[in-house]
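Structure file model.cif with mmCIF, C-alpha atoms:
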```
data_model
loop_
_atom_site.label_atom_id
_atom_site.label_comp_id
_atom_site.auth_asym_id
_atom_site.auth_seq_id
_atom_site.Cartn_x
_atom_site.Cartn_y
_atom_site.Cartn_z
CA GLY W 1 20.90 84.33 27.06
CA MET W 2 21.12 81.04 28.97
CA SER W 3 23.61 80.61 31.69
CA GLU W 4 26.31 77.98 31.54
CA ARG W 5 24.41 75.78 33.96
CA GLU W 6 21.27 75.88 31.83
CA ARG W 7 23.28 74.95 28.77
CA GLN W 8 24.76 71.97 30.61
CA VAL W 9 21.27 70.83 31.68
CA MET W 10 19.94 71.15 28.13
CA LYS W 11 22.92 69.21 26.80
CA LYS W 12 22.34 66.37 29.27
CA LEU W 13 18.63 66.28 28.45
CA LYS W 14 19.43 66.07 24.75
CA GLU W 15 21.86 63.21 25.40
CA VAL W 16 19.20 61.35 27.40
CA VAL W 17 16.63 61.85 24.64
CA ASP W 18 19.06 60.69 21.95
CA LYS W 19 19.99 57.63 23.98
CA GLN W 20 16.36 56.71 24.55
CA ARG W 21 15.63 57.21 20.84
CA ASP W 22 18.48 54.83 19.94
CA GLU W 23 17.22 52.26 22.43
CA ILE W 24 13.69 52.49 21.00
CA ARG W 25 15.02 51.98 17.47
CA ALA W 26 17.04 48.95 18.62
CA LYS W 27 13.96 47.50 20.32
CA ASP W 28 11.95 48.05 17.14
CA ARG W 29 14.56 46.18 15.10
CA GLU W 30 14.60 43.33 17.63
CA LEU W 31 10.81 43.18 17.60
CA GLY W 32 10.84 43.01 13.80
CA LEU W 33 13.27 40.07 13.89
CA LYS W 34 11.12 38.31 16.48
CA ASN W 35 8.08 38.75 14.25
CA GLU W 36 9.98 37.22 11.34
CA ASP W 37 10.92 34.25 13.54
CA VAL W 38 7.31 33.78 14.61
CA GLU W 39 6.14 33.92 11.00
CA ALA W 40 8.76 31.38 9.90
CA LEU W 41 7.82 29.03 12.73
CA GLN W 42 4.15 29.38 11.85
CA GLN W 43 4.85 28.44 8.24
CA GLN W 44 6.92 25.46 9.35
CA GLN W 45 4.18 24.33 11.71
CA ASN W 46 1.59 24.53 8.94
CA ARG W 47 3.84 22.51 6.65
CA LEU W 48 4.40 19.82 9.30
CA MET W 49 0.67 19.65 10.00
CA LYS W 50 -0.02 19.12 6.30
CA ILE W 51 2.65 16.39 6.08
CA ASN W 52 1.16 14.68 9.13
CA HIS W 53 -2.32 14.86 7.62
CA ASP W 54 -1.10 13.40 4.32
CA LEU W 55 0.70 10.57 6.12
CA ARG W 56 -2.38 9.70 8.16
CA HIS W 57 -4.50 9.66 5.01
CA ARG W 58 -1.98 7.45 3.22
CA ILE W 59 -1.84 5.02 6.15
CA THR W 60 -5.64 4.82 6.13
CA VAL W 61 -5.65 4.05 2.41
CA VAL W 62 -2.93 1.40 2.79
CA GLU W 63 -4.82 -0.24 5.67
CA ALA W 64 -8.01 -0.34 3.59
CA GLN W 65 -6.13 -1.83 0.63
CA GLY W 66 -4.51 -4.42 2.87
CA LYS W 67 -7.87 -5.39 4.36
CA ALA W 68 -9.41 -5.73 0.90
CA LEU W 69 -6.48 -7.88 -0.24
CA ILE W 70 -6.84 -10.15 2.77
CA GLU W 71 -10.56 -10.60 2.09
CA GLN W 72 -9.90 -11.28 -1.59
CA LYS W 73 -7.16 -13.77 -0.70
CA VAL W 74 -9.52 -15.65 1.65
CA GLU W 75 -12.22 -15.77 -1.03
CA LEU W 76 -9.77 -17.02 -3.66
CA GLU W 77 -8.39 -19.69 -1.35
CA ALA W 78 -11.91 -20.91 -0.57
CA TYR W 79 -12.77 -20.93 -4.27
CA LEU W 80 -9.53 -22.75 -5.06
CA GLN W 81 -10.28 -25.36 -2.41
CA THR W 82 -13.73 -25.91 -3.92
CA LYS W 83 -12.20 -26.33 -7.37
CA GLU W 84 -9.67 -28.83 -6.04
CA GLN W 85 -12.49 -30.84 -4.48
CA GLU W 86 -14.29 -30.79 -7.82
CA MET W 87 -11.09 -31.95 -9.51
CA GLY W 88 -10.85 -34.85 -7.08
CA SER W 89 -14.41 -35.86 -7.90
CA LEU W 90 -13.68 -35.56 -11.62
CA ARG W 91 -10.59 -37.75 -11.33
CA ALA W 92 -12.53 -40.38 -9.40
CA GLU W 93 -15.34 -40.34 -11.95
CA LEU W 94 -12.89 -40.53 -14.84
CA GLY W 95 -11.15 -43.49 -13.23
CA LYS W 96 -14.44 -45.34 -12.79
CA LEU W 97 -15.36 -44.61 -16.39
CA ARG W 98 -12.08 -45.99 -17.70
CA GLU W 99 -12.42 -49.12 -15.56
CA LYS W 100 -15.92 -49.63 -16.90
CA LEU W 101 -14.79 -49.19 -20.50
CA GLN W 102 -11.90 -51.60 -20.02
CA GLY W 103 -14.31 -54.09 -18.47
CA GLU W 104 -16.64 -53.81 -21.45
CA ASP W 105 -13.72 -54.35 -23.84
CA SER W 106 -12.69 -57.47 -21.92
CA GLN W 107 -16.23 -58.86 -22.00
CA ASN W 108 -16.40 -58.35 -25.75
CA GLY W 109 -13.21 -60.36 -26.15
CA GLU W 110 -11.22 -57.36 -27.27
CA GLU W 111 -7.67 -56.80 -26.16
CA VAL W 112 -7.31 -53.93 -23.76
CA LYS W 113 -4.92 -51.47 -25.36
CA ALA W 114 -2.66 -49.14 -23.48
CA GLU W 115 -4.13 -45.70 -23.04
CA PRO W 116 -2.62 -43.25 -25.54
CA ASN W 117 -0.76 -40.23 -24.24
CA ASN W 118 -2.89 -37.88 -26.32
CA ASP W 119 -6.17 -37.27 -24.49
CA ASP W 120 -7.82 -36.17 -27.72
CA CYS W 121 -7.63 -39.73 -29.11
CA LEU W 122 -10.72 -41.51 -27.79
CA SER W 123 -11.42 -45.20 -28.35
CA GLU W 124 -14.63 -46.28 -30.00
CA SER W 125 -16.05 -47.54 -26.71
CA GLU W 126 -15.27 -44.13 -25.09
CA ARG W 127 -17.10 -42.38 -27.88
CA MET W 128 -20.04 -44.69 -27.37
CA ALA W 129 -19.97 -43.98 -23.65
CA MET W 130 -20.04 -40.27 -24.36
CA ASP W 131 -23.14 -40.66 -26.51
CA LEU W 132 -25.83 -38.38 -25.17
CA LYS W 133 -28.30 -41.30 -25.14
CA ASP W 134 -26.05 -43.35 -22.87
CA PRO W 135 -27.17 -42.91 -19.22
CA ASN W 136 -23.66 -43.88 -18.05
CA ARG W 137 -21.86 -41.22 -20.10
CA PRO W 138 -19.33 -39.02 -18.23
CA ARG W 139 -20.62 -35.66 -17.08
CA PHE W 140 -17.42 -33.85 -18.10
CA THR W 141 -15.39 -33.92 -21.29
CA LEU W 142 -11.61 -33.95 -21.39
CA GLN W 143 -11.64 -30.33 -22.58
CA GLU W 144 -13.69 -29.36 -19.54
CA LEU W 145 -11.16 -31.12 -17.32
CA ARG W 146 -8.36 -29.17 -18.98
CA ASP W 147 -10.27 -25.92 -18.46
CA VAL W 148 -10.71 -26.64 -14.76
CA LEU W 149 -7.01 -27.46 -14.38
CA HIS W 150 -6.06 -24.26 -16.20
CA GLU W 151 -8.41 -22.22 -14.02
CA ARG W 152 -6.95 -23.77 -10.87
CA ASN W 153 -3.41 -22.89 -11.95
CA GLU W 154 -4.45 -19.31 -12.68
CA LEU W 155 -6.08 -19.02 -9.25
CA LYS W 156 -2.93 -20.31 -7.56
CA SER W 157 -0.88 -17.70 -9.40
CA LYS W 158 -3.31 -14.95 -8.44
CA VAL W 159 -3.22 -15.97 -4.76
CA PHE W 160 0.58 -15.86 -4.86
CA LEU W 161 0.55 -12.36 -6.39
CA LEU W 162 -1.93 -11.17 -3.78
CA GLN W 163 0.31 -12.48 -1.01
CA GLU W 164 3.28 -10.61 -2.48
CA GLU W 165 1.25 -7.39 -2.80
CA LEU W 166 -0.03 -7.74 0.77
CA LEU W 167 3.52 -8.10 2.09
CA TYR W 168 4.50 -4.97 0.13
CA TYR W 169 1.69 -2.90 1.63
CA LYS W 170 2.49 -4.14 5.14
CA SER W 171 6.17 -3.22 4.76
CA GLU W 172 5.24 0.20 3.36
CA GLU W 173 2.86 0.84 6.27
CA THR W 174 5.62 -0.08 8.74
CA GLU W 175 8.00 2.37 7.07
CA GLU W 176 5.40 5.16 7.22
CA GLU W 177 4.78 4.56 10.94
CA THR W 178 8.48 4.57 11.82
CA ARG W 179 9.20 7.68 9.78
CA THR W 180 9.04 10.78 12.01
CA PRO W 181 9.01 14.43 10.83
CA GLN W 182 12.01 16.67 11.45
CA PRO W 183 11.86 18.46 14.82
CA THR W 184 11.28 22.19 14.88
CA PRO W 185 14.58 24.06 15.32
CA ILE W 186 15.02 26.02 18.53
CA ILE W 187 15.40 29.76 18.11
CA GLN W 188 18.54 31.13 19.70
CA PRO W 189 18.12 34.55 21.38
CA LYS W 190 19.67 37.34 19.34
CA PRO W 191 21.50 40.41 20.63
CA THR W 192 19.96 43.76 19.93
CA THR W 193 22.74 44.58 17.46
CA GLN W 194 22.04 41.54 15.24
CA PRO W 195 21.05 42.88 11.82
CA GLU W 196 19.21 39.79 10.48
CA SER W 197 17.02 36.96 11.74
CA GLY W 198 18.72 33.79 12.90
CA ILE W 199 16.06 31.59 11.23
CA LYS W 200 15.96 31.26 7.48
CA ARG W 201 12.63 31.64 5.79
CA LEU W 202 11.27 28.22 4.84
#
```

Can the structure in the file be given as structure tokens, please?
Amino acid sequence: GMSERERQVMKKLKEVVDKQRDEIRAKDRELGLKNEDVEALQQQQNRLMKINHDLRHRITVVEAQGKALIEQKVELEAYLQTKEQEMGSLRAELGKLREKLQGEDSQNGEEVKAEPNNDDCLSESERMAMDLKDPNRPRFTLQELRDVLHERNELKSKVFLLQEELLYYKSEETEEETRTPQPTPIIQPKPTTQPESGIKRL
């Protein structure tokens, strides 16, 4: 059989092997936890990249909408200005027509009556002036004047709504730019005896 010394040597070798086996198992567990941390961080990075991509796309859409609204607002303001100029011309023409009609009434010895509040009530001389055969007839009827006024009021309302919508998009774009994603948490080193990962799965 083995001598006492040989048995002592074998015992020490076995202890060394067992110790190394335990250390290898501990390293394997630690490596597994590290792999879990890496996987969790990778998933979080992918999620943040997707959020960043979505935010950039949304900002691009908002900028395009804001640009389109600005262009539409400029066009509407120009159109509204043109309509107001037309209204000024119509008022001037209507004033000249009324002066002419009053002058004709005075020449015929008729008493000039006060103009009625209802625009639908036309005097006989106004009806004559609006005869298609009369070269001095007005180019626009009272109904057409009302339509132009109504259209101008609608355009003013639309310009106001566009301005409000443009301010909304600008404020939303500012909020998106100032909003920053959450920073990635820092992994704390774990001792070899830690049974679980320090980072929760996202």

**Prompt:** Could you work out how far CA of Leu76 (chain W) lies from CA of Val148 (chain W), giving the answer in Å with one decimal?
**Reply:**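 Interatomic distance here is 14.7 Å.
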
**Request:** Find the residue from W:Ser89, W:Ser171, W:Thr178, W:Asn46 that sits nearest to Glu63 (chain W); use all atoms listed in the file when measuring.
**Result:**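 With all atoms listed in the file as the atom set, the closest residue is W:Ser171.
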
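Between CA of Ile59 (chain W) and CA of Lys158 (chain W) the interatomic distance comes to 24.8 Å.
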
**Asked** What does the distance between CA of Leu90 (chain W) and CA of Lys156 (chain W) come to in Å, to one decimal place?
**Response**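 Here the two named atoms are 19.1 Å from each other.
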